[in-house]
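Asker: Following this line is final_24.tsv, made up of TSV, C-alpha atoms and all ligand atoms:
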```tsv
chain	number	residue	atom	x	y	z
A	1	MET	CA	-20.86	-9.18	7.39
A	2	LYS	CA	-18.10	-6.86	6.43
A	3	THR	CA	-15.60	-8.05	3.88
A	4	ALA	CA	-12.55	-6.61	2.21
A	5	ARG	CA	-10.99	-7.52	-1.10
A	6	LEU	CA	-7.31	-7.52	-1.87
A	7	VAL	CA	-6.40	-6.26	-5.29
A	8	ARG	CA	-3.03	-7.39	-6.62
A	9	SER	CA	-1.51	-5.30	-9.35
A	10	PRO	CA	2.04	-4.78	-10.51
A	11	VAL	CA	1.82	-1.17	-9.44
A	12	LEU	CA	0.24	-1.28	-6.03
A	13	SER	CA	-1.48	-3.86	-3.94
A	14	MET	CA	-4.14	-2.60	-1.64
A	15	VAL	CA	-7.24	-3.52	0.17
A	16	ILE	CA	-10.16	-1.60	-1.24
A	17	LEU	CA	-13.54	-0.74	0.16
A	18	ALA	CA	-16.84	-1.50	-1.38
A	19	ALA	CA	-18.67	1.76	-1.88
A	20	GLY	CA	-20.51	2.94	1.19
A	21	GLN	CA	-19.14	0.35	3.58
A	22	ALA	CA	-17.32	1.42	6.70
A	23	PHE	CA	-14.58	-0.86	7.93
A	24	ALA	CA	-12.81	-0.61	11.21
A	25	GLU	CA	-9.49	-1.54	9.66
A	26	THR	CA	-8.28	-1.28	6.11
A	27	THR	CA	-4.70	-1.84	5.15
A	28	VAL	CA	-2.69	-0.67	2.16
A	29	VAL	CA	-0.03	-3.22	1.18
A	30	VAL	CA	3.04	-2.10	-0.75
A	31	ASN	CA	6.66	-3.10	-1.22
A	32	PHE	CA	8.96	-0.95	0.95
A	33	GLY	CA	12.04	-2.39	-0.75
A	34	PRO	CA	15.08	-1.90	1.51
A	35	HIS	CA	13.42	0.99	3.37
A	36	ALA	CA	12.08	0.80	6.91
A	37	SER	CA	8.78	2.47	6.09
A	38	ALA	CA	6.56	3.65	3.26
A	39	GLU	CA	7.37	7.22	4.25
A	40	ALA	CA	11.11	6.61	3.86
A	41	ALA	CA	10.64	4.79	0.55
A	42	GLY	CA	8.08	7.24	-0.82
A	43	HIS	CA	10.34	10.19	-0.13
A	44	SER	CA	13.55	8.56	-1.40
A	45	GLU	CA	13.36	10.13	-4.85
A	46	ALA	CA	16.70	11.92	-4.42
A	47	LYS	CA	18.39	8.54	-3.88
A	48	VAL	CA	16.76	6.84	-6.88
A	49	ASP	CA	18.73	6.43	-10.09
A	50	TRP	CA	15.87	7.12	-12.50
A	51	LEU	CA	18.02	6.65	-15.61
A	52	ASP	CA	19.63	3.26	-15.04
A	53	ALA	CA	18.30	-0.06	-16.32
A	54	ASP	CA	17.30	-1.28	-12.85
A	55	THR	CA	13.78	-0.03	-12.19
A	56	THR	CA	13.51	-1.67	-8.78
A	57	ASP	CA	14.32	1.49	-6.84
A	58	ASP	CA	12.13	3.57	-9.17
A	59	THR	CA	9.18	1.25	-8.59
A	60	VAL	CA	9.57	1.10	-4.81
A	61	CYS	CA	9.72	4.89	-4.54
A	62	THR	CA	6.78	5.42	-6.90
A	63	GLU	CA	4.56	2.77	-5.34
A	64	CYS	CA	5.24	3.92	-1.80
A	65	PHE	CA	4.56	7.53	-2.75
A	66	ALA	CA	1.27	6.40	-4.31
A	67	ALA	CA	0.42	4.45	-1.14
A	68	LEU	CA	1.05	7.56	0.97
A	69	GLU	CA	-1.18	9.63	-1.28
A	70	LEU	CA	-3.88	6.95	-1.19
A	71	GLN	CA	-3.71	6.83	2.59
A	72	ARG	CA	-4.01	10.60	2.83
A	73	TYR	CA	-7.01	10.73	0.50
A	74	LEU	CA	-8.79	7.81	2.16
A	75	ARG	CA	-8.28	9.34	5.60
A	76	ASN	CA	-9.59	12.69	4.39
A	77	MET	CA	-12.57	11.11	2.65
A	78	THR	CA	-13.60	8.94	5.59
A	79	ALA	CA	-12.35	11.05	8.54
A	80	ARG	CA	-10.81	7.84	9.89
A	81	THR	CA	-7.43	9.35	10.70
A	82	ASN	CA	-6.02	6.19	12.28
A	83	ASP	CA	-7.16	3.76	9.60
A	84	PHE	CA	-5.50	2.76	6.31
A	85	ALA	CA	-2.18	1.68	7.76
A	86	ILE	CA	0.50	1.02	5.16
A	87	VAL	CA	2.34	-2.28	5.59
A	88	ASP	CA	5.22	-3.88	3.71
A	89	ASP	CA	4.16	-6.73	1.47
A	90	ALA	CA	6.99	-8.77	3.01
A	91	ASP	CA	5.04	-8.64	6.27
A	92	VAL	CA	1.88	-9.98	4.73
A	93	GLN	CA	2.05	-13.71	5.22
A	94	ALA	CA	-0.59	-15.37	3.12
A	95	TRP	CA	-3.54	-13.96	1.28
A	96	HIS	CA	-6.36	-15.92	-0.16
A	97	PRO	CA	-6.56	-15.48	-3.95
A	98	HIS	CA	-9.86	-13.68	-3.47
A	99	GLY	CA	-8.47	-11.30	-0.95
A	100	ARG	CA	-9.37	-12.79	2.39
A	101	ARG	CA	-6.47	-13.30	4.70
A	102	VAL	CA	-5.70	-16.90	5.46
A	103	ALA	CA	-5.12	-17.52	9.17
A	201	CA	CA	16.69	2.81	-11.08
```
Now that the file is in, can you turn its structure into structure tokens?
Answerer:
Amino acid sequence: MKTARLVRSPVLSMVILAAGQAFAETTVVVNFGPHASAEAAGHSEAKVDWLDADTTDDTVCTECFAALELQRYLRNMTARTNDFAIVDDADVQAWHPHGRRVA
């Protein structure tokens, strides 16, 4: 039986693979902030005020850029060019504390 584990961190939440296992679908979960996509958020660095006290925009841009890089590397490593979709954490309804999605 194939299983995935959700790792929650303040930097980036993502579903990771156990070494050597091949999953049909793996999803990277990240906060898009006010942006419509991870691509828009990850490439919004020119709009970020990096020097103000509010790090919300800094974090969204940085995390989404990291998610895009992770997606690119995972796709290159596995040759699964349609896998590793990036979704907004606001769209993820409920996750079991151990990473299994609750129906
Ligand atoms: Ca800022």
Asker: What do you get as a list in words if you pick all residues at most 7 Å from ligand CA 201 (chain A), counting only C-alpha atoms and all ligand atoms?
Answerer: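 So, counting only C-alpha atoms and all ligand atoms, the residues near ligand CA 201 (chain A) are Val48, Asp49, Trp50, Leu51, Asp52, Ala53, Asp54, Thr55, Thr56, Asp57 and Asp58 of chain A.
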Asker: Which residues come within 6 Å of stretch 38-47 of chain A, counting all atoms listed in the file, excluding same-chain residues fewer than 2 positions away, as a list in words?
Answerer: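 Answer for this query is Phe32, His35, Cys61, Cys64 and Phe65 of chain A.
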Asker: Of the residues A:Thr59, A:Leu70, A:Val92, A:Ile86, which is the one nearest to A:Ala36, using all atoms listed in the file?
Answerer: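 Using all atoms listed in the file, the shortest distance to A:Ala36 belongs to A:Ile86.
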Asker: What is the atom CA of A:Asn82 to atom CA of A:Thr27 distance in Å?
Answerer: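 These two atoms are separated by 10.8 Å.
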Asker: Around stretch 60-73 of chain A, with edges along x, y and z and 3 Å added on all six sides, what centre and edge lengths do you get, in Å to one decimal, as AutoDock Vina command-line options?
Answerer:
```
--center_x 1.4 --center_y 5.9 --center_z -2.0 --size_x 22.7 --size_y 15.6 --size_z 15.7
```
Asker: To one decimal place in Å, what is the distance between atom CA of A:Val28 and atom CA of A:Asp83?
Answerer: 9.7 Å
Asker: I need the residue nearest A:Leu68 from this list: A:Thr26, A:Gly33, A:Arg80, A:Ala85. Use all atoms listed in the file for the distance.
Answerer: A:Ala85
